[in-house]
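Notes to accompany the following structure.
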Amino acid sequence: MAGTFQNDYAVIDGIRVFWTTPPSTLVDMKTFEVREDDVFIVTFPKSGTHWLMEIVYLLLANGELSKIKRNMMEQGLEHTQCAGPSEVQTAKPGHKYMEEWESPRVMNSHLMLRFLPPQIWEKKAKVLYVARNPKDVVCSMYHFMYAILPEEQRDWSNFVKFFTAKEMIGGDWFTHVYEYWTQCKGRENFLFIKYEDLKKNHRGMVKQVAEFLGKNLSEEVIDKITSLTTIDAMRKTYDELEAEPGSNMRRTKAFGVLSFLNKGNVGSWKEQMSEEQSKLFDEKLAETFKDTDFTLECE
Ligand code: A3P
């Protein structure tokens, strides 16, 4: 298979796991103490995780930007923040920080369904899953990672092959989305959201998320949260966070260097993808979801 970070993963339960998730973390997930008022934001990377995080943070803070507990941005459930693979065994993993957080906790994760803490379902913690059209996801991921990709992995067509292969690190998009759609949608503590719906009906979706979280807020506060979570408003917020004295760049950038915010459009793939590549995605989508009622808009 094409370029794939050969040395930086373990294979666990059939899934190639990136070095920032040591196998011991996946063992810890099995007994991770979940609280009833926990909120989990689960996504395949580059699907709008930070957009939904900001909406949820603001809903829980009744629309007050200054009341958001920004340290929650610094950790991912399964990730260990450290300089490189040689430090991952000794650095403190994300979930260990989360154990110390006050409630209500908002935790973000890219874990495949099989690795999520089982207590989520027993305790009925809230889970919000965001899915985005994989054509836009792969383009977003390519731009996001380009600066850290080794030279030999920068080839766009190889990147697309890598993305669509079962061996994709963290699990492939198709399996990720398929499992959450077919196994979780309809559970009372689970909300499946599409990035494209957030774009098309931003305010309506903010209201829907508020309802799901049991937050009864005035129309004015819903308006305020909607306007604070446009891409431009979030860019301003992130700039301000970065300008804070002693600011931790890991809140707004992966590894403190790769910006989580970019254009934030639907359909950017049309500028990047060949017809053949687009067809490959269409075929994989049709095949994966053939026995389901799953649909996606990407125009
Ligand atoms: P693009 O790279 O296509 O611009 P994640 O948070 O999962 O890493 O997802 C990142 C993607 O979500 C990026 O997409 C980013 O620009 C987009 N995004 C973040 N905030 C957004 C917002 N408020 N509105 C629209 N898109 C947003």
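All residue names refer to the structure tokens as shown: chains lettered A, B, ... in order, residues numbered from 1 in each chain, ligands numbered from 1 in order.
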
Inset, instruction - Using DSSP on the backbone coordinates, identify all residues within region 6-88 of chain A classified as alpha helix (DSSP H); present the result as a list in words. - result: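 In region 6-88 of chain A, DSSP puts these residues in alpha helix (DSSP H): Pro23, Ser24, Thr25, Leu26, Val27, Asp28, Met29, Thr49, His50, Trp51, Leu52, Met53, Glu54, Ile55, Val56, Tyr57, Leu58, Leu59 and Leu60 of chain A.
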
Keeping only N, CA and C atoms, write the selected residues to a file as an mmCIF file, in the first residue's frame.
```
data_model
loop_
_atom_site.group_PDB
_atom_site.id
_atom_site.type_symbol
_atom_site.label_atom_id
_atom_site.label_comp_id
_atom_site.auth_asym_id
_atom_site.auth_seq_id
_atom_site.Cartn_x
_atom_site.Cartn_y
_atom_site.Cartn_z
ATOM 1 N N PRO A 23 -1.037 1.407 23.307
ATOM 2 C CA PRO A 23 -1.992 0.315 23.558
ATOM 3 C C PRO A 23 -2.561 0.326 24.974
ATOM 4 N N SER A 24 -1.775 0.778 25.963
ATOM 5 C CA SER A 24 -2.276 0.796 27.347
ATOM 6 C C SER A 24 -3.498 1.712 27.483
ATOM 7 N N THR A 25 -3.587 2.746 26.649
ATOM 8 C CA THR A 25 -4.748 3.652 26.720
ATOM 9 C C THR A 25 -6.017 2.918 26.300
ATOM 10 N N LEU A 26 -5.888 2.076 25.275
ATOM 11 C CA LEU A 26 -7.086 1.346 24.823
ATOM 12 C C LEU A 26 -7.514 0.326 25.884
ATOM 13 N N VAL A 27 -6.562 -0.194 26.637
ATOM 14 C CA VAL A 27 -6.907 -1.081 27.759
ATOM 15 C C VAL A 27 -7.629 -0.254 28.833
ATOM 16 N N ASP A 28 -7.094 0.929 29.125
ATOM 17 C CA ASP A 28 -7.723 1.801 30.141
ATOM 18 C C ASP A 28 -9.150 2.193 29.762
ATOM 19 N N MET A 29 -9.414 2.324 28.461
ATOM 20 C CA MET A 29 -10.753 2.735 28.022
ATOM 21 C C MET A 29 -11.827 1.761 28.522
ATOM 22 N N THR A 49 -14.942 18.439 14.366
ATOM 23 C CA THR A 49 -14.833 18.215 15.816
ATOM 24 C C THR A 49 -14.809 19.543 16.579
ATOM 25 N N HIS A 50 -13.929 20.446 16.141
ATOM 26 C CA HIS A 50 -13.753 21.691 16.899
ATOM 27 C C HIS A 50 -14.951 22.614 16.762
ATOM 28 N N TRP A 51 -15.630 22.517 15.663
ATOM 29 C CA TRP A 51 -16.860 23.303 15.493
ATOM 30 C C TRP A 51 -17.885 22.858 16.540
ATOM 31 N N LEU A 52 -18.096 21.566 16.617
ATOM 32 C CA LEU A 52 -19.081 21.082 17.586
ATOM 33 C C LEU A 52 -18.601 21.303 19.022
ATOM 34 N N MET A 53 -17.301 21.178 19.246
ATOM 35 C CA MET A 53 -16.778 21.441 20.599
ATOM 36 C C MET A 53 -17.169 22.849 21.035
ATOM 37 N N GLU A 54 -16.948 23.816 20.133
ATOM 38 C CA GLU A 54 -17.224 25.223 20.489
ATOM 39 C C GLU A 54 -18.728 25.421 20.756
ATOM 40 N N ILE A 55 -19.566 24.783 19.927
ATOM 41 C CA ILE A 55 -21.017 24.897 20.137
ATOM 42 C C ILE A 55 -21.386 24.306 21.504
ATOM 43 N N VAL A 56 -20.864 23.132 21.810
ATOM 44 C CA VAL A 56 -21.212 22.464 23.074
ATOM 45 C C VAL A 56 -20.654 23.255 24.265
ATOM 46 N N TYR A 57 -19.409 23.706 24.150
ATOM 47 C CA TYR A 57 -18.838 24.506 25.244
ATOM 48 C C TYR A 57 -19.744 25.708 25.538
ATOM 49 N N LEU A 58 -20.150 26.399 24.462
ATOM 50 C CA LEU A 58 -20.957 27.609 24.651
ATOM 51 C C LEU A 58 -22.338 27.281 25.213
ATOM 52 N N LEU A 59 -22.914 26.177 24.760
ATOM 53 C CA LEU A 59 -24.231 25.795 25.292
ATOM 54 C C LEU A 59 -24.121 25.539 26.797
ATOM 55 N N LEU A 60 -23.080 24.824 27.198
ATOM 56 C CA LEU A 60 -22.929 24.503 28.626
ATOM 57 C C LEU A 60 -22.587 25.752 29.439
#
```

Legend entry - Exercise answer, 9 Å around ligand 1 with only C-alpha atoms and all ligand atoms, as a VMD selection string: chain A and resid 43 to 55 110 130 136 to 144 195 198 to 199 202 228 to 235 254 259 to 269

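Ranking A:Asn201, A:Thr21, A:Ser103, A:Thr252 by their shortest atom-to-atom distance to Gly170 (chain A), with only C-alpha atoms included, puts A:Thr21 first.
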
Inset, instruction - Between CA of Gln272 (chain A) and CA of Met145 (chain A), measure the distance and give it in Å to one decimal. - result: 15.3 Å

Legend entry - Of the listed residues A:Lys185, A:Lys161, A:Lys166, A:Lys135, that which approaches Leu285 (chain A) most closely, counting only C-alpha atoms: A:Lys135

Inset, instruction - List every residue of region 175-235 of chain A that DSSP, applied to the backbone of this structure, assigns to strand (DSSP E or B), and report them as JSON, numbers by chain. - result: {"A": [190, 191, 192, 193, 194]}

For those residues, write C-alpha atoms to a file as a PDB file, in the first residue's frame.
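Listing of selection_18.pdb after writing:
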```
ATOM      1  CA  PHE A 190     -26.628   9.438  20.973  1.00  0.00           C
ATOM      2  CA  LEU A 191     -26.991  12.194  18.367  1.00  0.00           C
ATOM      3  CA  PHE A 192     -25.711  11.750  14.804  1.00  0.00           C
ATOM      4  CA  ILE A 193     -24.917  15.083  13.146  1.00  0.00           C
ATOM      5  CA  LYS A 194     -23.801  15.798   9.609  1.00  0.00           C
TER       6      LYS A 194
END
```

Legend entry - Best match for closeness to Ala10 (chain A) among A:Ala61, A:Ser247, A:Pro22, A:Ile68, counting only C-alpha atoms: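 When distances to Ala10 (chain A) are compared using only C-alpha atoms, the smallest one comes from A:Pro22.
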